[in-house]
>>> print(open('protein.txt').read())   # compact mmCIF, C-alpha atoms
# COMPACT_ATOMS: atom_id res chain seq x y z
CA MET A 1 35.66 -57.54 -6.99
CA SER A 2 37.71 -59.38 -9.59
CA THR A 3 38.59 -56.20 -11.44
CA LEU A 4 39.74 -54.65 -8.18
CA PHE A 5 41.93 -57.66 -7.46
CA TYR A 6 43.58 -57.81 -10.89
CA LEU A 7 44.15 -54.06 -11.04
CA SER A 8 45.71 -53.84 -7.60
CA SER A 9 47.87 -56.93 -8.09
CA THR A 10 49.18 -55.48 -11.37
CA ILE A 11 50.04 -52.26 -9.54
CA ALA A 12 51.69 -54.23 -6.72
CA ILE A 13 53.90 -56.26 -9.07
CA ALA A 14 54.85 -53.26 -11.22
CA SER A 15 55.77 -51.09 -8.25
CA THR A 16 57.75 -53.93 -6.67
CA ILE A 17 59.74 -54.31 -9.89
CA LEU A 18 60.39 -50.58 -9.74
CA VAL A 19 61.49 -50.92 -6.09
CA ILE A 20 64.20 -53.46 -6.82
CA THR A 21 65.50 -51.60 -9.87
CA ARG A 22 65.76 -48.05 -8.52
CA TYR A 23 69.16 -46.57 -7.74
CA HIS A 24 68.06 -43.81 -5.39
CA PRO A 25 66.93 -45.13 -1.96
CA VAL A 26 64.14 -42.58 -1.52
CA HIS A 27 62.61 -43.41 -4.92
CA ALA A 28 62.70 -47.11 -3.99
CA LEU A 29 60.97 -46.35 -0.69
CA LEU A 30 58.22 -44.33 -2.39
CA TYR A 31 57.53 -47.19 -4.80
CA LEU A 32 57.58 -49.57 -1.83
CA ALA A 33 54.83 -47.50 -0.19
CA VAL A 34 52.79 -47.77 -3.41
CA SER A 35 53.36 -51.53 -3.39
CA PHE A 36 52.16 -51.85 0.21
CA LEU A 37 49.04 -49.80 -0.53
CA ALA A 38 48.29 -52.05 -3.51
CA VAL A 39 48.70 -55.17 -1.36
CA GLY A 40 46.30 -53.56 1.12
CA MET A 41 43.78 -53.27 -1.71
CA ILE A 42 44.30 -56.97 -2.48
CA PHE A 43 43.51 -57.76 1.16
CA LEU A 44 40.35 -55.67 0.91
CA SER A 45 39.28 -57.59 -2.19
CA LEU A 46 39.94 -60.88 -0.34
CA GLY A 47 37.49 -59.94 2.40
CA ALA A 48 39.99 -58.98 5.09
CA PRO A 49 39.35 -55.31 5.93
CA PHE A 50 41.08 -55.34 9.32
CA VAL A 51 44.28 -56.76 7.86
CA ALA A 52 44.11 -54.20 5.05
CA ALA A 53 43.94 -51.39 7.59
CA LEU A 54 46.85 -52.87 9.54
CA GLU A 55 48.89 -53.26 6.36
CA ILE A 56 48.48 -49.58 5.59
CA ILE A 57 49.05 -48.41 9.17
CA VAL A 58 52.01 -50.60 10.09
CA TYR A 59 53.77 -51.30 6.79
CA ALA A 60 53.07 -48.16 4.79
CA GLY A 61 53.13 -46.04 7.93
CA ALA A 62 55.58 -47.24 10.51
CA ILE A 63 58.09 -49.35 8.59
CA ILE A 64 58.45 -46.95 5.65
CA VAL A 65 58.94 -44.08 8.11
CA LEU A 66 61.68 -46.06 9.88
CA PHE A 67 63.45 -46.65 6.56
CA ILE A 68 63.12 -42.98 5.62
CA PHE A 69 64.56 -41.95 9.00
CA VAL A 70 67.58 -44.18 8.46
CA VAL A 71 68.08 -42.93 4.89
CA MET A 72 67.90 -39.39 6.23
CA MET A 73 70.34 -40.05 9.10
CA LEU A 74 72.87 -41.75 6.83
CA ASN A 75 72.44 -39.00 4.23
CA LEU A 76 72.10 -41.43 1.34
CA GLY A 77 71.71 -39.27 -1.71
CA LYS A 78 73.14 -38.86 -5.16
CA ASP A 79 76.43 -40.54 -4.26
CA THR A 80 74.63 -43.70 -3.23
CA ALA A 81 72.59 -43.65 -6.42
CA GLN A 82 75.79 -43.34 -8.46
CA GLN A 83 77.37 -46.19 -6.50
CA GLU A 84 74.30 -48.37 -7.03
CA LYS A 85 74.41 -47.63 -10.74
CA GLU A 86 77.99 -48.87 -10.83
CA TRP A 87 77.16 -51.98 -8.80
CA LEU A 88 74.04 -53.03 -10.66
CA LYS A 89 75.56 -54.30 -13.88
CA PRO A 90 73.68 -56.85 -16.04
CA LYS A 91 76.30 -59.50 -15.35
CA VAL A 92 75.51 -59.12 -11.66
CA TRP A 93 71.75 -59.46 -11.77
CA LEU A 94 71.23 -61.67 -14.83
CA VAL A 95 72.11 -65.08 -13.37
CA PRO A 96 70.28 -64.75 -10.01
CA SER A 97 67.20 -63.37 -11.78
CA ALA A 98 67.19 -66.28 -14.24
CA LEU A 99 67.49 -68.83 -11.42
CA VAL A 100 64.70 -67.22 -9.40
CA LEU A 101 62.58 -67.04 -12.55
CA VAL A 102 62.99 -70.80 -13.02
CA LEU A 103 61.83 -71.36 -9.43
CA LEU A 104 58.85 -69.05 -9.99
CA VAL A 105 57.83 -70.89 -13.17
CA GLU A 106 58.00 -74.21 -11.28
CA MET A 107 55.77 -72.78 -8.56
CA ILE A 108 53.22 -71.48 -11.06
CA ILE A 109 53.14 -74.81 -12.92
CA LEU A 110 52.58 -76.60 -9.59
CA LEU A 111 49.74 -74.22 -8.76
CA PHE A 112 48.05 -74.69 -12.13
CA THR A 113 48.19 -78.49 -12.15
CA ASP A 114 45.91 -78.59 -9.11
CA SER A 115 42.13 -78.55 -9.39
CA ASP A 116 40.74 -75.10 -9.92
CA GLN A 117 37.95 -74.39 -7.51
CA PRO A 118 36.36 -70.95 -7.49
CA LEU A 119 37.08 -68.79 -4.48
CA LYS A 120 34.02 -67.52 -2.69
CA VAL A 121 34.92 -64.21 -1.10
CA SER A 122 33.25 -63.63 2.22
CA VAL A 123 34.31 -60.98 4.66
CA VAL A 124 35.89 -62.29 7.86
CA ASP A 125 35.01 -59.46 10.19
CA PRO A 126 37.35 -58.18 12.94
CA ARG A 127 35.09 -59.69 15.62
CA ARG A 128 35.82 -63.28 14.54
CA LEU A 129 39.48 -62.37 14.13
CA ALA A 130 39.67 -60.97 17.65
CA LEU A 131 37.82 -63.96 19.15
CA SER A 132 40.28 -66.31 17.46
CA LEU A 133 43.31 -64.16 18.34
CA TYR A 134 42.50 -63.90 22.04
CA GLY A 135 41.00 -67.39 22.26
CA GLU A 136 43.12 -70.22 20.94
CA TYR A 137 46.10 -68.05 19.94
CA ILE A 138 46.59 -66.24 23.27
CA ILE A 139 49.94 -67.93 23.94
CA ALA A 140 51.22 -66.83 20.53
CA VAL A 141 50.07 -63.26 21.25
CA GLU A 142 52.06 -63.21 24.47
CA LEU A 143 55.10 -64.68 22.73
CA THR A 144 54.78 -61.94 20.11
CA GLY A 145 54.85 -59.44 22.95
CA PHE A 146 58.09 -61.01 24.18
CA LEU A 147 59.50 -60.79 20.66
CA LEU A 148 58.65 -57.11 20.33
CA MET A 149 60.14 -56.37 23.75
CA ALA A 150 63.36 -58.18 22.83
CA GLY A 151 63.42 -56.35 19.51
CA ILE A 152 63.08 -52.95 21.18
CA VAL A 153 65.77 -53.68 23.77
CA GLY A 154 68.08 -55.12 21.13
CA ALA A 155 67.61 -52.18 18.79
CA ALA A 156 68.22 -49.69 21.60
CA HIS A 157 71.38 -51.52 22.62
CA ILE A 158 72.77 -52.01 19.12
CA GLY A 159 71.94 -48.52 17.97
CA LYS A 160 73.89 -46.92 20.81
CA HIS A 161 77.13 -45.24 19.78
CA MET A 162 80.18 -47.16 20.93
CA HIS A 163 82.97 -44.61 20.81
CA THR A 164 85.68 -46.46 22.69
CA PRO A 165 86.63 -50.04 21.95
CA LEU A 166 86.74 -50.75 25.71
CA HIS A 167 83.73 -51.97 27.63
CA ARG A 168 82.33 -49.36 29.97
CA PHE A 169 82.93 -51.48 33.08
CA LEU A 170 86.62 -51.78 32.19
CA GLN A 171 87.15 -48.06 31.58
CA ASN A 172 87.32 -46.97 35.23
CA GLY A 173 88.37 -50.23 36.85
CA GLU A 174 91.15 -50.74 39.42
CA GLY A 175 93.66 -51.83 36.81
CA LYS A 176 93.85 -48.48 35.08
CA LYS A 177 94.23 -45.24 37.00
CA GLU A 178 93.61 -42.93 34.10
CA LYS A 179 90.78 -43.16 31.67
CA PRO A 180 91.80 -44.27 28.19
CA LYS A 181 91.51 -41.43 25.75
CA PRO A 182 88.48 -41.70 23.52
CA LEU A 183 89.17 -41.97 19.81
CA ARG A 184 87.20 -38.88 19.01
CA PRO A 185 86.38 -35.91 21.26
CA VAL A 186 82.68 -36.54 21.60
CA GLU A 187 80.15 -36.09 24.33
CA SER A 188 80.46 -38.88 26.84
CA LEU A 189 77.65 -41.33 27.30
CA LYS A 190 76.09 -41.07 30.72
CA ASN A 191 74.03 -43.71 32.36
CA GLU A 192 73.64 -44.88 35.95
CA GLN A 193 76.77 -47.00 36.09
CA THR A 194 79.16 -44.50 34.54
CA VAL A 195 77.81 -41.70 36.70
CA LEU A 196 78.45 -43.77 39.83
CA HIS A 197 81.96 -44.65 38.64
CA ASP A 198 82.86 -41.09 37.82
CA GLN A 199 82.07 -39.80 41.31
CA MET B 1 34.44 -62.99 -7.74
CA ILE B 2 38.04 -64.03 -8.09
CA ASN B 3 38.01 -67.21 -10.12
CA SER B 4 40.44 -69.09 -7.91
CA ALA B 5 42.66 -68.80 -4.90
CA HIS B 6 45.52 -69.79 -7.18
CA MET B 7 45.65 -66.35 -8.72
CA VAL B 8 46.29 -64.82 -5.30
CA LEU B 9 48.98 -67.41 -4.61
CA ILE B 10 50.58 -66.66 -7.98
CA VAL B 11 50.67 -62.95 -7.16
CA ALA B 12 52.19 -63.78 -3.77
CA SER B 13 54.85 -65.98 -5.32
CA VAL B 14 55.70 -63.34 -7.94
CA LEU B 15 56.15 -60.77 -5.17
CA PHE B 16 58.26 -63.24 -3.18
CA ALA B 17 60.45 -63.94 -6.23
CA LEU B 18 60.94 -60.22 -6.79
CA GLY B 19 62.05 -59.81 -3.18
CA LEU B 20 64.41 -62.75 -3.54
CA VAL B 21 65.96 -61.20 -6.67
CA GLY B 22 66.42 -57.98 -4.71
CA VAL B 23 68.22 -59.76 -1.88
CA LEU B 24 70.44 -61.68 -4.28
CA THR B 25 71.46 -58.82 -6.57
CA ARG B 26 71.77 -55.76 -4.34
CA LYS B 27 74.96 -54.94 -2.48
CA ASN B 28 73.58 -52.13 -0.33
CA VAL B 29 72.34 -53.25 3.10
CA VAL B 30 69.36 -50.87 3.05
CA PHE B 31 68.11 -52.27 -0.24
CA MET B 32 68.55 -55.82 1.06
CA LEU B 33 66.39 -54.99 4.09
CA ILE B 34 63.74 -53.50 1.78
CA SER B 35 63.74 -56.72 -0.25
CA VAL B 36 63.34 -58.80 2.91
CA GLU B 37 60.30 -56.67 3.76
CA ILE B 38 58.85 -57.42 0.32
CA MET B 39 59.33 -61.16 0.90
CA LEU B 40 57.65 -61.05 4.34
CA ASN B 41 54.75 -59.11 2.88
CA ALA B 42 54.32 -61.68 0.10
CA SER B 43 54.26 -64.56 2.58
CA GLY B 44 51.63 -62.70 4.60
CA LEU B 45 49.59 -62.31 1.41
CA ALA B 46 49.75 -66.09 0.90
CA PHE B 47 48.51 -66.65 4.47
CA VAL B 48 45.60 -64.26 4.01
CA ALA B 49 44.70 -65.95 0.71
CA ALA B 50 44.64 -69.35 2.40
CA GLY B 51 42.47 -67.97 5.19
CA ALA B 52 40.09 -66.47 2.62
CA LYS B 53 39.85 -69.79 0.78
CA TRP B 54 38.68 -71.67 3.90
CA GLN B 55 36.86 -68.61 5.29
CA GLN B 56 38.57 -68.92 8.63
CA PRO B 57 40.30 -66.13 10.60
CA ASP B 58 43.48 -68.15 11.17
CA GLY B 59 45.21 -66.80 8.08
CA GLN B 60 44.69 -63.25 9.23
CA VAL B 61 45.95 -64.17 12.71
CA MET B 62 49.14 -65.49 11.11
CA PHE B 63 49.43 -62.25 9.15
CA LEU B 64 49.30 -60.30 12.41
CA PHE B 65 52.17 -62.40 13.78
CA ILE B 66 54.17 -61.86 10.59
CA LEU B 67 53.50 -58.13 10.93
CA ALA B 68 54.84 -58.03 14.50
CA MET B 69 57.86 -60.10 13.51
CA ALA B 70 58.60 -57.80 10.56
CA ALA B 71 58.41 -54.75 12.81
CA ALA B 72 60.87 -56.26 15.32
CA GLU B 73 63.15 -57.43 12.51
CA VAL B 74 63.28 -54.10 10.75
CA SER B 75 64.02 -52.19 13.96
CA VAL B 76 66.95 -54.45 14.84
CA GLY B 77 68.13 -54.49 11.22
CA LEU B 78 68.12 -50.72 10.89
CA ALA B 79 70.00 -50.35 14.19
CA LEU B 80 72.60 -52.74 12.77
CA VAL B 81 72.75 -50.66 9.57
CA LEU B 82 73.40 -47.50 11.59
CA GLN B 83 76.14 -49.23 13.56
CA ILE B 84 77.73 -50.66 10.41
CA TYR B 85 77.77 -47.24 8.80
CA HIS B 86 79.33 -45.62 11.86
CA GLN B 87 82.08 -48.20 12.11
CA HIS B 88 82.89 -48.84 8.45
CA LYS B 89 81.66 -45.69 6.66
CA THR B 90 80.15 -47.89 3.98
CA LEU B 91 77.04 -49.97 3.37
CA ASP B 92 78.66 -52.39 0.93
CA VAL B 93 78.18 -55.94 2.18
CA ASP B 94 81.37 -57.08 0.43
CA ARG B 95 83.41 -54.78 2.67
CA LEU B 96 82.03 -56.27 5.88
CA LYS B 97 84.39 -59.17 6.40
CA GLU B 98 84.99 -59.41 10.14
CA LEU B 99 83.45 -62.87 10.24
CA ARG B 100 85.43 -64.14 7.27
CA ASP B 101 88.12 -66.74 7.91
>>> encode(input="protein.txt", output="structure tokens")
Amino acid sequence: MSTLFYLSSTIAIASTILVITRYHPVHALLYLAVSFLAVGMIFLSLGAPFVAALEIIVYAGAIIVLFIFVVMMLNLGKDTAQQEKEWLKPKVWLVPSALVLVLLVEMIILLFTDSDQPLKVSVVDPRRLALSLYGEYIIAVELTGFLLMAGIVGAAHIGKHMHTPLHRFLQNGEGKKEKPKPLRPVESLKNEQTVLHDQ
Amino acid sequence: MINSAHMVLIVASVLFALGLVGVLTRKNVVFMLISVEIMLNASGLAFVAAGAKWQQPDGQVMFLFILAMAAAEVSVGLALVLQIYHQHKTLDVDRLKELRD
């Protein structure tokens, strides 16, 4: 168990270092997937198999795929890697890294000055987790549902293309007889309100 | 047998520090979002380690909430990245200065 923990934490730290030093976005995302898988192994060695499965499914599955979709849509390729190489000079990253390293050393010293009790690993099975989640944490589960709903609606609204600077209610109002010309000749966005106004 | 819960917390803080370095040094918005994901994952690791120390499921419950929050955050953040790229044709955070005085 201990060997599994040390091996996977070494892999996690090494691949995270590789994530924040890569120039190409796709290489960084691949190392990020390796890092998430290694953290999932750490969860397994801590006796949390359900959380390990969720880490792999949600983080290494869904979130990485979202990032890869965005990298694909924005067509970030060799040009971005070249740009990153120009931006990431030693005088840019040296001072923040040194400051964060000081904070990290403080944290580690604080952790080591405490008493050092051995950690008994015992598996917390998904049954206890589910009883706790839908027992005393039921309000938090519902609030998380609200948060996800707001996130979906917000992402759908923000991600919509806004071609004209004018709001869609002002485009066909009484003040203007003719529609303002769109900046680019693109397909017009149809929804219920604009369809009703166009008729 | 892991000899103490402190080793797990040290790994979590190292991962958090790496994510913080990524946020501070990168200028590309996509890389900054990736670093924020690393930091959220490290904090979730600390929660699970605390739950394993006391052998209670509460740490894992908190990790589930962090997971849902990270999913919502990354979807809104990536929609913002798409919109920024369509309006400015760049992902450099130094060029985004609408809110500057």
>>> residues_near_point(input="protein.txt", point="(67.0, -45.2, 8.0)", cutoff="9 Å", atoms="all atoms listed in the file", output="ChimeraX atom specification")
/A:65-74 /B:30,78-79,81-82
>>> interface_residues(input="protein.txt", of="chain A", to="chain B", cutoff="6 Å", atoms="only C-alpha atoms", output="compact mmCIF listing (two decimals) with C-alpha atoms, in the coordinates of the input")
# COMPACT_ATOMS: atom_id res chain seq x y z
CA MET A 1 35.66 -57.54 -6.99
CA SER A 2 37.71 -59.38 -9.59
CA ILE A 20 64.20 -53.46 -6.82
CA TRP A 93 71.75 -59.46 -11.77
CA SER A 97 67.20 -63.37 -11.78
CA GLN A 117 37.95 -74.39 -7.51
CA PRO A 118 36.36 -70.95 -7.49
CA LEU A 119 37.08 -68.79 -4.48
CA LEU A 129 39.48 -62.37 14.13
CA LEU A 148 58.65 -57.11 20.33
CA GLY A 151 63.42 -56.35 19.51
CA ALA A 155 67.61 -52.18 18.79
CA ILE A 158 72.77 -52.01 19.12
CA GLY A 159 71.94 -48.52 17.97
>>> residues_around(input="protein.txt", residues="Ile64 (chain A)", least_positions_apart="4", cutoff="9 Å", atoms="all atoms listed in the file", output="number ranges by chain")
A: 29-30, 32-33, 58-60, 68-69
>>> atom_distance(input="protein.txt", atom1="CA of Thr21 (chain A)", atom2="CA of Gly61 (chain A)")
22.4 Å
>>> atom_distance(input="protein.txt", atom1="CA of Ile56 (chain A)", atom2="CA of Ala50 (chain B)")
20.4 Å
>>> atom_distance(input="protein.txt", atom1="CA of Leu46 (chain A)", atom2="CA of Leu111 (chain A)")
18.6 Å
>>> residues_near_point(input="protein.txt", point="(49.9, -52.9, 2.5)", cutoff="9 Å", atoms="all atoms listed in the file", output="PyMOL selection string")
(chain A and resi 33-43+51-60) or (chain B and resi 41)
>>> write_last_selection(input="protein.txt", atoms="C-alpha atoms", output="compact mmCIF listing (two decimals), keeping the file's coordinate frame")
# COMPACT_ATOMS: atom_id res chain seq x y z
CA ALA A 33 54.83 -47.50 -0.19
CA VAL A 34 52.79 -47.77 -3.41
CA SER A 35 53.36 -51.53 -3.39
CA PHE A 36 52.16 -51.85 0.21
CA LEU A 37 49.04 -49.80 -0.53
CA ALA A 38 48.29 -52.05 -3.51
CA VAL A 39 48.70 -55.17 -1.36
CA GLY A 40 46.30 -53.56 1.12
CA MET A 41 43.78 -53.27 -1.71
CA ILE A 42 44.30 -56.97 -2.48
CA PHE A 43 43.51 -57.76 1.16
CA VAL A 51 44.28 -56.76 7.86
CA ALA A 52 44.11 -54.20 5.05
CA ALA A 53 43.94 -51.39 7.59
CA LEU A 54 46.85 -52.87 9.54
CA GLU A 55 48.89 -53.26 6.36
CA ILE A 56 48.48 -49.58 5.59
CA ILE A 57 49.05 -48.41 9.17
CA VAL A 58 52.01 -50.60 10.09
CA TYR A 59 53.77 -51.30 6.79
CA ALA A 60 53.07 -48.16 4.79
CA ASN B 41 54.75 -59.11 2.88
>>> decode(input="protein.txt", residues="region 36-70 of chain A", atoms="N, CA and C atoms", output="short mmCIF file (atom, residue, chain, number, x, y, z; two decimals), in the first residue's frame")
data_model
loop_
_atom_site.label_atom_id
_atom_site.label_comp_id
_atom_site.auth_asym_id
_atom_site.auth_seq_id
_atom_site.Cartn_x
_atom_site.Cartn_y
_atom_site.Cartn_z
N PHE A 36 -4.05 13.20 -13.37
CA PHE A 36 -5.33 12.85 -12.76
C PHE A 36 -5.42 11.34 -12.49
N LEU A 37 -4.90 10.54 -13.42
CA LEU A 37 -4.92 9.09 -13.19
C LEU A 37 -4.06 8.74 -11.97
N ALA A 38 -2.92 9.42 -11.82
CA ALA A 38 -2.06 9.14 -10.67
C ALA A 38 -2.73 9.55 -9.36
N VAL A 39 -3.45 10.68 -9.38
CA VAL A 39 -4.18 11.09 -8.18
C VAL A 39 -5.30 10.10 -7.87
N GLY A 40 -5.90 9.53 -8.92
CA GLY A 40 -6.89 8.47 -8.70
C GLY A 40 -6.26 7.25 -8.02
N MET A 41 -5.02 6.92 -8.38
CA MET A 41 -4.34 5.83 -7.69
C MET A 41 -4.07 6.18 -6.24
N ILE A 42 -3.75 7.45 -5.96
CA ILE A 42 -3.55 7.86 -4.56
C ILE A 42 -4.85 7.67 -3.77
N PHE A 43 -5.98 8.03 -4.39
CA PHE A 43 -7.27 7.84 -3.71
C PHE A 43 -7.52 6.37 -3.43
N LEU A 44 -7.14 5.52 -4.38
CA LEU A 44 -7.34 4.08 -4.17
C LEU A 44 -6.47 3.59 -3.01
N SER A 45 -5.25 4.12 -2.90
CA SER A 45 -4.38 3.69 -1.81
C SER A 45 -4.83 4.28 -0.48
N LEU A 46 -5.65 5.35 -0.50
CA LEU A 46 -6.18 5.91 0.74
C LEU A 46 -7.48 5.25 1.16
N GLY A 47 -7.92 4.24 0.44
CA GLY A 47 -9.16 3.56 0.83
C GLY A 47 -10.41 4.28 0.40
N ALA A 48 -10.38 4.92 -0.77
CA ALA A 48 -11.56 5.61 -1.28
C ALA A 48 -11.81 5.18 -2.72
N PRO A 49 -12.32 3.98 -2.95
CA PRO A 49 -12.43 3.49 -4.33
C PRO A 49 -13.47 4.22 -5.16
N PHE A 50 -14.57 4.66 -4.51
CA PHE A 50 -15.62 5.36 -5.26
C PHE A 50 -15.11 6.71 -5.77
N VAL A 51 -14.38 7.41 -4.91
CA VAL A 51 -13.83 8.70 -5.31
C VAL A 51 -12.77 8.52 -6.40
N ALA A 52 -12.01 7.42 -6.32
CA ALA A 52 -11.03 7.15 -7.37
C ALA A 52 -11.71 6.95 -8.72
N ALA A 53 -12.82 6.20 -8.71
CA ALA A 53 -13.55 5.99 -9.96
C ALA A 53 -14.11 7.30 -10.48
N LEU A 54 -14.64 8.14 -9.58
CA LEU A 54 -15.19 9.42 -10.03
C LEU A 54 -14.11 10.35 -10.55
N GLU A 55 -12.94 10.30 -9.93
CA GLU A 55 -11.82 11.12 -10.40
C GLU A 55 -11.48 10.77 -11.85
N ILE A 56 -11.42 9.46 -12.11
CA ILE A 56 -11.06 9.05 -13.47
C ILE A 56 -12.18 9.38 -14.45
N ILE A 57 -13.45 9.15 -14.03
CA ILE A 57 -14.55 9.37 -14.97
C ILE A 57 -14.74 10.87 -15.23
N VAL A 58 -14.81 11.67 -14.17
CA VAL A 58 -15.16 13.07 -14.36
C VAL A 58 -13.95 13.91 -14.76
N TYR A 59 -12.85 13.80 -13.99
CA TYR A 59 -11.70 14.64 -14.32
C TYR A 59 -11.02 14.17 -15.60
N ALA A 60 -10.52 12.92 -15.56
CA ALA A 60 -9.76 12.44 -16.72
C ALA A 60 -10.65 12.17 -17.91
N GLY A 61 -11.96 12.04 -17.70
CA GLY A 61 -12.85 11.84 -18.82
C GLY A 61 -13.45 13.14 -19.29
N ALA A 62 -14.35 13.70 -18.49
CA ALA A 62 -15.17 14.80 -18.97
C ALA A 62 -14.40 16.11 -19.10
N ILE A 63 -13.62 16.46 -18.08
CA ILE A 63 -13.01 17.80 -18.07
C ILE A 63 -11.89 17.87 -19.11
N ILE A 64 -11.09 16.79 -19.21
CA ILE A 64 -10.03 16.78 -20.22
C ILE A 64 -10.63 16.85 -21.62
N VAL A 65 -11.77 16.14 -21.82
CA VAL A 65 -12.40 16.16 -23.15
C VAL A 65 -12.91 17.57 -23.46
N LEU A 66 -13.45 18.26 -22.45
CA LEU A 66 -13.88 19.65 -22.67
C LEU A 66 -12.71 20.53 -23.09
N PHE A 67 -11.58 20.39 -22.39
CA PHE A 67 -10.40 21.18 -22.75
C PHE A 67 -9.94 20.86 -24.16
N ILE A 68 -9.95 19.55 -24.50
CA ILE A 68 -9.46 19.18 -25.83
C ILE A 68 -10.39 19.71 -26.92
N PHE A 69 -11.72 19.73 -26.62
CA PHE A 69 -12.66 20.32 -27.58
C PHE A 69 -12.35 21.79 -27.81
N VAL A 70 -12.08 22.52 -26.72
CA VAL A 70 -11.82 23.95 -26.88
C VAL A 70 -10.51 24.18 -27.62
#
